[in-house]
Amino acid sequence: MKDKTYFPLLLTLPVVIFLLALLIYPLLYTFTIAFYDETSEFYIPFSLNVFNSLVTEERFLKNVYHTIFLTFFSTSISFVLGIFLAYCLDQIKFGKSIFLVILISPLAIMPVVSALTWRTMFNPLYGILNSILKYFGFDGLEWVTDTSSALTWITVVDIWQWTPFCLLLIYAGLKTIPVDIKESASLDGINSFKELIYISLPILFNLLLITLIFRFMEAFKAFDSIMVITQGGPGNATETMVIRSYYTGFRWYKPEITSMIGIFLLIFTIICTRWAGTKIGEQEN
Amino acid sequence: MKYFKINLLVSYFFLILSSVFFILPILWMFLQSFKNAKDTIAIPPKIFFTPTLSNYVKVLKNDYFWEATIDSVVVSLMSVSAALAIGIPFAYALTRFNFKGKNEIAHFILSTKMLPGIVIAIPLVQTFNYFNLLDTHIGVSIAHILLMLAVIVWVMRAFLQNLPIDLEEAALIDGAGRLRIIWSVVLPIARPGIVTVTALSFLFSWNDLFFGLTLGSFDVVPLPIYLTTEYIGYLAVNWGELSAAGLLSTFPIIIIVILLRDNLIRGLSLGAIKG
Amino acid sequence: MFFKKIITGFIATFFISSAINAADLSNYTNANMDWKQFDGETVTVLLSKHPWQEQIEPLIPEFEELTGINVKLKLLPENQYLTKVPADMEAGTFKFDVFMTQLYEAPKFCAENWLADLEPLINDPSVTDPNWYKYNDFFEGARDVAVIGNTYLSHIAITAESQVLVYRKDILDELGISVPSTMDELLAAATKITESGKAYGITTRGGPAIWWPGLGYLASYGGEYLDSDLNIAINSSESIAGADFYVKLAQQAPPGVTNFDWDEINTAMLSGQAAMFLDSSVIYPRLQDDSISEVVGKVGVAPFPTGPKGAKPNSHYWTVSMNEATENKKAAWLFLQWATSPDMQGRLALAGILGPRTSSWEVDGLSDQLGDEFLDAAKTSLGGAVIPRVTPGFFERVDIFRAEMQEAILGNKDAASAMNDTAEAWSKL
């Protein structure tokens, strides 16, 4: 089916032009103000001042660390948990639909509303979580109100919110695997877990990669839940790059820093997804 | 056989365990939604209380809640259908053809999802203003397409790669046009994938707060903005009604999940066709 | 009928809604100007969710009747308000004529010329009757706020709040503690109450807005954020002493104080978990509302306690401004004038929204409505109140202060090093 026609361009080009029309100005704007130099006498005012001041700033390095911590743990845990739960769901016979509905229900609740609910649940004084702990005779925890544990619990909320995303995609993927492949595997005496690892997952390799990419990007951009639950505090313990860019852009009127952080995020994500994206494309040749 | 049973047992065990984790906040919202104002902020939190339906009654009797629901439904339907209509053929073109710049185009689509809305909010608002799209349903829908297009294109691409192409080739030999092949051959067999991305896209649009806030003012007030405006006061959160409204607003999603569930659980018996 | 009963019980959810007097337009038509001159035009208004907004919103039809002007109103909760306004302003697409402003952002908003200069309108006899509007009736503090940051007249105050001490009479009586009148007594009382286990000694903001009550403590110890020449004064020995006091006080608050914002400190008082509260006077009417409060009739109010350098609570004036891009400034001014007029602020005061005008504190029936104890405490506190010096980058400064204070409250560093680190970070801005 590799005939030469203009058909594929007909399907793709209009969309690309439409998107470019929307995004070209935001992108130009972002790059311009991030590198703008008002003192420059050259035709193109360009400077790395913003870049330099950011990468040498201790607080920003912490922002980067928090972002990487959150992204790494949230992505990896929810991805593995998503695969595992999809597998469990595939195994069982009774109650499939009820478990599926429960497991993906976090996706259905608006993030602002669920984050507010988490915030009250976390409250050490009147939150339900400490009440439960105390009922079972444990001491209450500090949850998101202590600098040492806040980021961990923010990560847990992110995992809660996005594992359903992984689960849904992977479960749908498992359902597209032809039944005869599974049947021949079980006839060969391979148990279902080995079948998952050695047969199903490799077939779904591309889908898994793309799930991972989107999961990674969402974790990297996590905003609503942090903003509602801790606003970046206590101290700066949960201030990620995106939270910082919000403050610089909307509260402190330093749009050049927001833009620079946006460029960092863009470059990070491009580096991290380029390989996977190309890998997915390779299969088509 | 013995292994099989252990396997089943372990599966149920982990499913129940995770269900507790995933349902807990929603269960708490559910309890809150039946409490009166005092009970919602009682210390220690109340698990047993005299339930009241007044929160639900108040939310359902609120005309603005329904207006916001209509805004959300309109925006979601427009953005999801438009995004699917351009996204699926796009993914199809990527998987079934080789053309110059293919990978670049695919990566460009992916990059539309990389920049967080907050970072490009100001120039984006200016762009929408330039096209006269501020505070219109079409404007917010277009912004929502940005949220979902990358997911549709790339996930469908991965799904379509796994689908057998023999049927399409047969149809091509029979003289069917490309668009007709997409419609009557590809779409039916790619259904689990399409249903999944449809549901996800709908969720992205339905739950989006940021674009509704920055691009809408009077004429478009989607649910997430309305809920937070109505039930979060300056002094305190109206927990009972917020929880009730939050749960009520998941209703369209539940319908979609039920549709999706049927498609997913039935699964595919494609193997027979391919074989 | 069962439902109806519940619903009626629910009506006063957020605030004591004392019925505001029915429309009597003669108090407005007696102004020597033509209210009807912009009949049929439209004014768009954006308000943040706030008790003031809750009380004035139902009165807007009166304005429409008075002037024939059509008002289009949009509300947003504070967090989204603080996103939408700067985003639209920076993009140049802000389309509201009248909106609520925070005085702390005045330097930025005025420098960018986003706000209209109201002085010509106040002085224009065709749209303002000076004898009716009585601009000088505003407190001096409120008139300072109007031009804060040495800018033009752009912010008209709508509320006047300052820190007062709200306490549980029953708990203090039971433990034999007299109402604290000095900072030392306050800390001792808070510690004693927390140790008694009856309640937590105090509830106070330790979250994003920690700087607001924070300034009151610093000032009462003789400290401040910036001195009169705008040099950094946050790490002076007086400021450190004030910060140190606040840290010790906050440690007597319920666990989780570093995440306490308005909602949390209110909840702690309403549910009876905390015995004292030293924040905005706005809370008081709420505590007397038995649909949400467990402590009705058990709370007393006292002025801000005295520190080594006097009692200097922080104060706050919410303000309204006009968008510079407004097409019909005169019509928008009619709305602004109506909303901030002596009669309106008097009526709002009766509903519990204490106003920034002298006359609004002298309205008939005010002491019946709110009680002399509360009014006296609020008046005394407001009389000695301070207001932060506002410079560009105000919110970035107080955010650094917040992070350092939280570290100190959690015991990760002491107040002195927290303030020194704050000063160092400020000096780099």
# chains A, B, ... in the order shown; residues from 1 in each chain; ligands from 1
>>> select_by_dssp(residues="stretch 7-169 of chain B", states="alpha helix (DSSP H)", output="PyMOL selection string")
chain B and resi 7-33+37-40+54-60+63-96+102-111+117-130+137-162+166-169
>>> interface_residues(of="chain B", to="chain A", cutoff="7 Å", atoms="only C-alpha atoms", output="VMD selection string")
chain B and resid 8 11 15 19 22 to 23 25 29 43 to 45 89 to 90 93 95 to 98 103 114 to 116 118 to 120 123 to 124 127 154 to 155 158 to 159 192 to 193 196 203 207 224 246 250 253 261 264 267 to 271
>>> residues_around(residues="B:Ser76", least_positions_apart="3", cutoff="7 Å", atoms="only C-alpha atoms", output="PyMOL selection string")
chain B and resi 72-73+79-80+141+202+205-206
>>> write_last_selection(atoms="N, CA and C atoms", output="compact mmCIF listing (two decimals), in the first residue's frame")
# COMPACT_ATOMS: atom_id res chain seq x y z
N SER B 72 -20.67 22.94 28.65
CA SER B 72 -19.68 21.86 28.65
C SER B 72 -20.01 20.81 27.61
N VAL B 73 -21.28 20.45 27.52
CA VAL B 73 -21.67 19.42 26.55
C VAL B 73 -21.40 19.91 25.14
N SER B 79 -15.62 19.68 20.16
CA SER B 79 -14.17 19.46 20.08
C SER B 79 -13.85 18.00 19.84
N VAL B 80 -14.56 17.08 20.51
CA VAL B 80 -14.25 15.67 20.34
C VAL B 80 -14.58 15.22 18.92
N SER B 141 -13.69 25.25 21.99
CA SER B 141 -13.58 23.92 21.39
C SER B 141 -12.25 23.76 20.66
N PHE B 202 -12.93 13.07 25.48
CA PHE B 202 -14.08 13.67 26.13
C PHE B 202 -13.68 14.13 27.54
N SER B 205 -11.57 17.30 27.57
CA SER B 205 -12.37 18.50 27.34
C SER B 205 -13.27 18.79 28.55
N TRP B 206 -13.92 17.77 29.03
CA TRP B 206 -14.89 17.92 30.12
C TRP B 206 -14.23 18.46 31.39
>>> interface_residues(of="chain A", to="chain C", cutoff="8 Å", atoms="only C-alpha atoms", output="list of chain:residue names")
A:Asn123, A:Pro124, A:Leu125, A:Glu142, A:Val144, A:Thr145, A:Asp146, A:Thr147, A:Thr230, A:Gln231, A:Gly233, A:Pro234, A:Gly235, A:Asn236, A:Phe250, A:Arg251, A:Trp252, A:Tyr253
>>> write_last_selection(atoms="all heavy atoms", output="compact mmCIF listing (two decimals), in the first residue's frame")
# COMPACT_ATOMS: atom_id res chain seq x y z
N ASN A 123 -5.82 16.89 55.56
CA ASN A 123 -5.68 17.79 56.71
C ASN A 123 -5.40 17.01 57.99
O ASN A 123 -6.16 16.14 58.37
CB ASN A 123 -6.96 18.62 56.87
CG ASN A 123 -6.78 19.72 57.89
OD1 ASN A 123 -6.49 19.44 59.05
ND2 ASN A 123 -6.93 20.94 57.47
N PRO A 124 -4.27 17.29 58.65
CA PRO A 124 -3.90 16.49 59.83
C PRO A 124 -4.90 16.63 60.96
O PRO A 124 -5.06 15.72 61.76
CB PRO A 124 -2.55 17.06 60.24
CG PRO A 124 -2.06 17.81 59.08
CD PRO A 124 -3.27 18.30 58.33
N LEU A 125 -5.59 17.76 61.04
CA LEU A 125 -6.52 17.98 62.15
C LEU A 125 -7.87 17.34 61.88
O LEU A 125 -8.37 16.56 62.67
CB LEU A 125 -6.69 19.48 62.39
CG LEU A 125 -7.74 19.86 63.42
CD1 LEU A 125 -7.32 19.38 64.80
CD2 LEU A 125 -7.95 21.37 63.43
N GLU A 142 1.71 13.78 58.98
CA GLU A 142 1.71 15.21 58.62
C GLU A 142 1.24 15.44 57.19
O GLU A 142 0.94 16.55 56.80
CB GLU A 142 3.12 15.79 58.78
CG GLU A 142 3.65 15.76 60.19
CD GLU A 142 3.19 16.95 61.01
OE1 GLU A 142 3.11 18.05 60.43
OE2 GLU A 142 2.90 16.77 62.20
N VAL A 144 0.71 16.45 53.62
CA VAL A 144 1.32 17.48 52.76
C VAL A 144 1.74 18.72 53.53
O VAL A 144 2.12 19.73 52.94
CB VAL A 144 0.38 17.93 51.63
CG1 VAL A 144 0.14 16.79 50.66
CG2 VAL A 144 -0.93 18.44 52.20
N THR A 145 1.69 18.70 54.86
CA THR A 145 2.02 19.92 55.59
C THR A 145 3.44 19.90 56.12
O THR A 145 3.85 20.83 56.80
CB THR A 145 1.05 20.15 56.76
OG1 THR A 145 1.14 19.03 57.64
CG2 THR A 145 -0.36 20.27 56.26
N ASP A 146 4.20 18.87 55.83
CA ASP A 146 5.59 18.86 56.25
C ASP A 146 6.50 18.83 55.02
O ASP A 146 6.19 18.14 54.04
CB ASP A 146 5.87 17.64 57.13
CG ASP A 146 7.22 17.74 57.80
OD1 ASP A 146 7.31 18.47 58.81
OD2 ASP A 146 8.19 17.15 57.29
N THR A 147 7.61 19.58 55.11
CA THR A 147 8.47 19.68 53.93
C THR A 147 9.01 18.32 53.49
O THR A 147 9.27 18.11 52.32
CB THR A 147 9.67 20.60 54.20
OG1 THR A 147 10.10 20.39 55.54
CG2 THR A 147 9.27 22.05 54.02
N THR A 230 -1.21 22.33 47.72
CA THR A 230 -0.14 22.96 48.51
C THR A 230 0.32 24.31 47.97
O THR A 230 1.08 25.00 48.65
CB THR A 230 1.11 22.07 48.55
OG1 THR A 230 1.58 21.92 47.22
CG2 THR A 230 0.82 20.72 49.17
N GLN A 231 -0.08 24.69 46.79
CA GLN A 231 0.42 25.92 46.15
C GLN A 231 1.95 25.96 46.07
O GLN A 231 2.55 27.03 46.02
CB GLN A 231 -0.05 27.18 46.88
CG GLN A 231 -1.49 27.50 46.75
CD GLN A 231 -2.31 26.94 47.89
OE1 GLN A 231 -1.77 26.51 48.91
NE2 GLN A 231 -3.59 26.90 47.73
N GLY A 233 4.00 24.82 48.48
CA GLY A 233 4.59 24.75 49.81
C GLY A 233 4.48 23.37 50.40
O GLY A 233 4.14 22.43 49.69
N PRO A 234 4.75 23.15 51.67
CA PRO A 234 5.35 24.13 52.58
C PRO A 234 6.82 24.38 52.25
O PRO A 234 7.44 23.50 51.67
CB PRO A 234 5.20 23.46 53.95
CG PRO A 234 5.11 22.00 53.65
CD PRO A 234 4.48 21.86 52.29
N GLY A 235 7.32 25.52 52.65
CA GLY A 235 8.62 25.93 52.14
C GLY A 235 8.45 26.02 50.63
O GLY A 235 7.47 26.59 50.15
N ASN A 236 9.37 25.40 49.88
CA ASN A 236 9.15 25.28 48.44
C ASN A 236 9.13 23.81 48.07
O ASN A 236 9.49 23.43 46.97
CB ASN A 236 10.22 26.03 47.66
CG ASN A 236 10.11 27.52 47.87
OD1 ASN A 236 9.01 28.06 47.96
ND2 ASN A 236 11.24 28.19 48.01
N PHE A 250 1.94 34.96 36.42
CA PHE A 250 0.67 35.58 36.78
C PHE A 250 0.72 36.39 38.07
O PHE A 250 -0.12 37.24 38.28
CB PHE A 250 -0.42 34.51 36.90
CG PHE A 250 -0.75 33.90 35.58
CD1 PHE A 250 -0.12 32.75 35.16
CD2 PHE A 250 -1.66 34.51 34.74
CE1 PHE A 250 -0.41 32.20 33.93
CE2 PHE A 250 -1.95 33.97 33.51
CZ PHE A 250 -1.33 32.82 33.10
N ARG A 251 1.64 36.11 38.96
CA ARG A 251 1.65 36.83 40.21
C ARG A 251 2.80 37.84 40.30
O ARG A 251 2.70 38.84 40.95
CB ARG A 251 1.75 35.86 41.40
CG ARG A 251 0.62 34.88 41.51
CD ARG A 251 -0.65 35.55 42.03
NE ARG A 251 -1.80 34.69 41.87
CZ ARG A 251 -2.19 33.78 42.76
NH1 ARG A 251 -1.51 33.62 43.88
NH2 ARG A 251 -3.24 33.05 42.55
N TRP A 252 3.91 37.48 39.68
CA TRP A 252 5.11 38.31 39.87
C TRP A 252 5.45 39.12 38.62
O TRP A 252 6.42 39.86 38.61
CB TRP A 252 6.31 37.44 40.27
CG TRP A 252 6.02 36.60 41.47
CD1 TRP A 252 5.01 36.78 42.37
CD2 TRP A 252 6.74 35.46 41.92
NE1 TRP A 252 5.04 35.80 43.32
CE2 TRP A 252 6.10 34.99 43.09
CE3 TRP A 252 7.87 34.78 41.45
CZ2 TRP A 252 6.55 33.87 43.79
CZ3 TRP A 252 8.32 33.68 42.14
CH2 TRP A 252 7.66 33.23 43.30
N TYR A 253 4.69 38.93 37.56
CA TYR A 253 4.89 39.69 36.33
C TYR A 253 6.32 39.61 35.81
O TYR A 253 6.98 40.60 35.58
CB TYR A 253 4.46 41.15 36.53
CG TYR A 253 3.00 41.22 36.88
CD1 TYR A 253 2.58 41.46 38.17
CD2 TYR A 253 2.04 40.99 35.90
CE1 TYR A 253 1.23 41.49 38.49
CE2 TYR A 253 0.70 41.01 36.21
CZ TYR A 253 0.30 41.27 37.50
OH TYR A 253 -1.03 41.28 37.81
>>> residues_around(residues="stretch 66-68 of chain A", least_positions_apart="3", cutoff="8 Å", atoms="only C-alpha atoms", output="JSON, numbers by chain")
{"A": [62, 63, 71, 72, 151, 220, 237, 238, 239, 240, 241]}
>>> write_last_selection(atoms="C-alpha atoms", output="mmCIF file, in the first residue's frame")
data_model
loop_
_atom_site.group_PDB
_atom_site.id
_atom_site.type_symbol
_atom_site.label_atom_id
_atom_site.label_comp_id
_atom_site.auth_asym_id
_atom_site.auth_seq_id
_atom_site.Cartn_x
_atom_site.Cartn_y
_atom_site.Cartn_z
ATOM 1 C CA LYS A 62 15.097 22.620 43.429
ATOM 2 C CA ASN A 63 12.142 23.170 41.093
ATOM 3 C CA THR A 71 7.633 12.816 36.983
ATOM 4 C CA PHE A 72 9.828 9.786 37.539
ATOM 5 C CA LEU A 151 6.129 15.904 47.572
ATOM 6 C CA PHE A 220 5.734 16.787 33.794
ATOM 7 C CA ALA A 237 8.858 21.536 48.900
ATOM 8 C CA THR A 238 6.322 20.933 46.144
ATOM 9 C CA GLU A 239 7.214 23.771 43.801
ATOM 10 C CA THR A 240 7.746 22.227 40.381
ATOM 11 C CA MET A 241 8.825 24.025 37.239
#
>>> interface_residues(of="chain B", to="chain C", cutoff="9 Å", atoms="only C-alpha atoms", output="VMD selection string")
chain B and resid 36 to 39 41 to 43 52 to 55 57 to 58 121 to 126 129 134 213 to 214 217 to 218 225 to 226 228 to 238
>>> write_last_selection(atoms="N, CA, C and O atoms", output="short mmCIF file (atom, residue, chain, number, x, y, z; two decimals), in the first residue's frame")
data_model
loop_
_atom_site.label_atom_id
_atom_site.label_comp_id
_atom_site.auth_asym_id
_atom_site.auth_seq_id
_atom_site.Cartn_x
_atom_site.Cartn_y
_atom_site.Cartn_z
N ASN B 36 -25.25 17.87 55.88
CA ASN B 36 -25.57 19.28 55.98
C ASN B 36 -24.30 20.07 56.27
O ASN B 36 -23.24 19.48 56.52
N ALA B 37 -24.39 21.39 56.20
CA ALA B 37 -23.18 22.22 56.23
C ALA B 37 -22.33 21.95 57.48
O ALA B 37 -21.10 21.87 57.40
N LYS B 38 -22.95 21.80 58.62
CA LYS B 38 -22.18 21.59 59.85
C LYS B 38 -21.45 20.27 59.82
O LYS B 38 -20.29 20.17 60.24
N ASP B 39 -22.14 19.23 59.34
CA ASP B 39 -21.51 17.90 59.33
C ASP B 39 -20.31 17.85 58.40
O ASP B 39 -19.36 17.11 58.63
N ILE B 41 -17.99 19.92 57.96
CA ILE B 41 -16.74 20.42 58.53
C ILE B 41 -16.58 19.96 59.98
O ILE B 41 -15.80 20.53 60.74
N ALA B 42 -17.33 18.92 60.38
CA ALA B 42 -17.23 18.45 61.76
C ALA B 42 -15.85 17.87 62.04
O ALA B 42 -15.19 17.34 61.15
N ILE B 43 -15.40 18.03 63.25
CA ILE B 43 -14.14 17.45 63.68
C ILE B 43 -14.42 16.60 64.91
O ILE B 43 -14.97 17.11 65.87
N THR B 52 -28.96 13.93 54.09
CA THR B 52 -29.94 14.86 53.53
C THR B 52 -29.74 14.95 52.03
O THR B 52 -28.60 14.85 51.55
N LEU B 53 -30.81 15.12 51.31
CA LEU B 53 -30.70 15.24 49.86
C LEU B 53 -30.63 16.70 49.43
O LEU B 53 -30.59 17.00 48.25
N SER B 54 -30.63 17.61 50.40
CA SER B 54 -30.80 19.01 50.05
C SER B 54 -29.69 19.51 49.11
O SER B 54 -29.94 20.36 48.26
N ASN B 55 -28.46 18.99 49.26
CA ASN B 55 -27.40 19.45 48.37
C ASN B 55 -27.74 19.15 46.91
O ASN B 55 -27.58 19.99 46.04
N VAL B 57 -30.71 18.56 45.68
CA VAL B 57 -31.89 19.33 45.26
C VAL B 57 -31.47 20.73 44.85
O VAL B 57 -31.86 21.26 43.81
N LYS B 58 -30.60 21.34 45.68
CA LYS B 58 -30.19 22.71 45.38
C LYS B 58 -29.40 22.80 44.09
O LYS B 58 -29.59 23.73 43.30
N ALA B 121 -0.22 31.01 27.77
CA ALA B 121 -1.58 31.55 27.91
C ALA B 121 -1.72 32.92 27.25
O ALA B 121 -2.66 33.15 26.47
N ILE B 122 -0.79 33.82 27.53
CA ILE B 122 -0.97 35.19 27.08
C ILE B 122 -0.95 35.30 25.55
O ILE B 122 -1.89 35.83 24.96
N PRO B 123 0.11 34.78 24.87
CA PRO B 123 0.05 34.86 23.41
C PRO B 123 -1.10 34.06 22.81
O PRO B 123 -1.64 34.45 21.76
N LEU B 124 -1.49 32.99 23.47
CA LEU B 124 -2.60 32.21 22.94
C LEU B 124 -3.90 33.00 23.01
O LEU B 124 -4.70 33.00 22.07
N VAL B 125 -4.11 33.69 24.13
CA VAL B 125 -5.29 34.53 24.24
C VAL B 125 -5.28 35.59 23.16
O VAL B 125 -6.30 35.89 22.53
N GLN B 126 -4.10 36.13 22.89
CA GLN B 126 -3.99 37.16 21.83
C GLN B 126 -4.34 36.57 20.46
O GLN B 126 -5.00 37.21 19.66
N ASN B 129 -7.95 36.12 20.20
CA ASN B 129 -8.56 37.43 20.04
C ASN B 129 -8.44 37.90 18.58
O ASN B 129 -9.38 38.43 18.01
N LEU B 134 -12.57 34.71 21.10
CA LEU B 134 -12.70 34.76 22.55
C LEU B 134 -14.16 34.68 22.97
O LEU B 134 -15.03 35.25 22.30
N LEU B 213 -11.34 29.04 31.44
CA LEU B 213 -11.16 30.24 32.25
C LEU B 213 -10.58 31.39 31.45
O LEU B 213 -11.07 32.51 31.49
N THR B 214 -9.50 31.09 30.69
CA THR B 214 -8.82 32.19 30.01
C THR B 214 -9.52 32.61 28.72
O THR B 214 -9.42 33.76 28.33
N SER B 217 -15.71 34.14 28.99
CA SER B 217 -16.06 35.17 29.97
C SER B 217 -17.53 35.07 30.34
O SER B 217 -17.87 34.56 31.40
N PHE B 218 -18.38 35.53 29.45
CA PHE B 218 -19.81 35.54 29.75
C PHE B 218 -20.56 34.42 29.04
O PHE B 218 -21.39 33.76 29.62
N ILE B 225 -15.32 25.61 35.72
CA ILE B 225 -15.24 26.99 36.17
C ILE B 225 -16.48 27.33 36.98
O ILE B 225 -16.39 27.97 38.03
N TYR B 226 -17.62 26.85 36.51
CA TYR B 226 -18.84 27.17 37.24
C TYR B 226 -18.81 26.54 38.64
O TYR B 226 -19.13 27.21 39.63
N THR B 228 -16.35 25.68 40.60
CA THR B 228 -15.45 26.34 41.56
C THR B 228 -15.94 27.74 41.89
O THR B 228 -15.79 28.19 43.01
N THR B 229 -16.54 28.42 40.91
CA THR B 229 -17.04 29.76 41.19
C THR B 229 -18.21 29.72 42.15
O THR B 229 -18.30 30.50 43.09
N GLU B 230 -19.11 28.77 41.93
CA GLU B 230 -20.33 28.76 42.71
C GLU B 230 -20.11 28.22 44.12
O GLU B 230 -20.69 28.72 45.07
N TYR B 231 -19.25 27.23 44.27
CA TYR B 231 -19.20 26.55 45.56
C TYR B 231 -17.95 26.84 46.38
O TYR B 231 -17.81 26.35 47.48
N ILE B 232 -17.02 27.61 45.83
CA ILE B 232 -15.89 28.01 46.63
C ILE B 232 -16.04 29.49 46.92
O ILE B 232 -15.90 30.32 46.04
N GLY B 233 -16.38 29.80 48.15
CA GLY B 233 -16.57 31.19 48.51
C GLY B 233 -15.27 31.81 48.94
O GLY B 233 -14.21 31.17 48.94
N TYR B 234 -15.35 33.08 49.32
CA TYR B 234 -14.15 33.74 49.82
C TYR B 234 -13.76 33.15 51.17
O TYR B 234 -12.60 32.98 51.49
N LEU B 235 -14.76 32.84 51.96
CA LEU B 235 -14.48 32.39 53.31
C LEU B 235 -14.37 30.89 53.43
O LEU B 235 -13.67 30.39 54.30
N ALA B 236 -15.09 30.15 52.66
CA ALA B 236 -15.04 28.71 52.85
C ALA B 236 -15.62 28.00 51.65
O ALA B 236 -16.26 28.59 50.80
N VAL B 237 -15.36 26.71 51.63
CA VAL B 237 -15.87 25.87 50.57
C VAL B 237 -17.21 25.31 51.01
O VAL B 237 -17.36 24.87 52.13
N ASN B 238 -18.18 25.33 50.11
CA ASN B 238 -19.48 24.75 50.38
C ASN B 238 -19.40 23.26 50.02
O ASN B 238 -19.77 22.84 48.94
#
>>> select_by_dssp(residues="stretch 248-280 of chain C", states="strand (DSSP E or B)", output="list in words")
Ala274, Met276, Phe277, Leu278, Asp279 and Ser280 of chain C
>>> residues_around(residues="B:Tyr92", least_positions_apart="4", cutoff="8 Å", atoms="only C-alpha atoms", output="ChimeraX atom specification")
/B:88,96,156-157,160,182
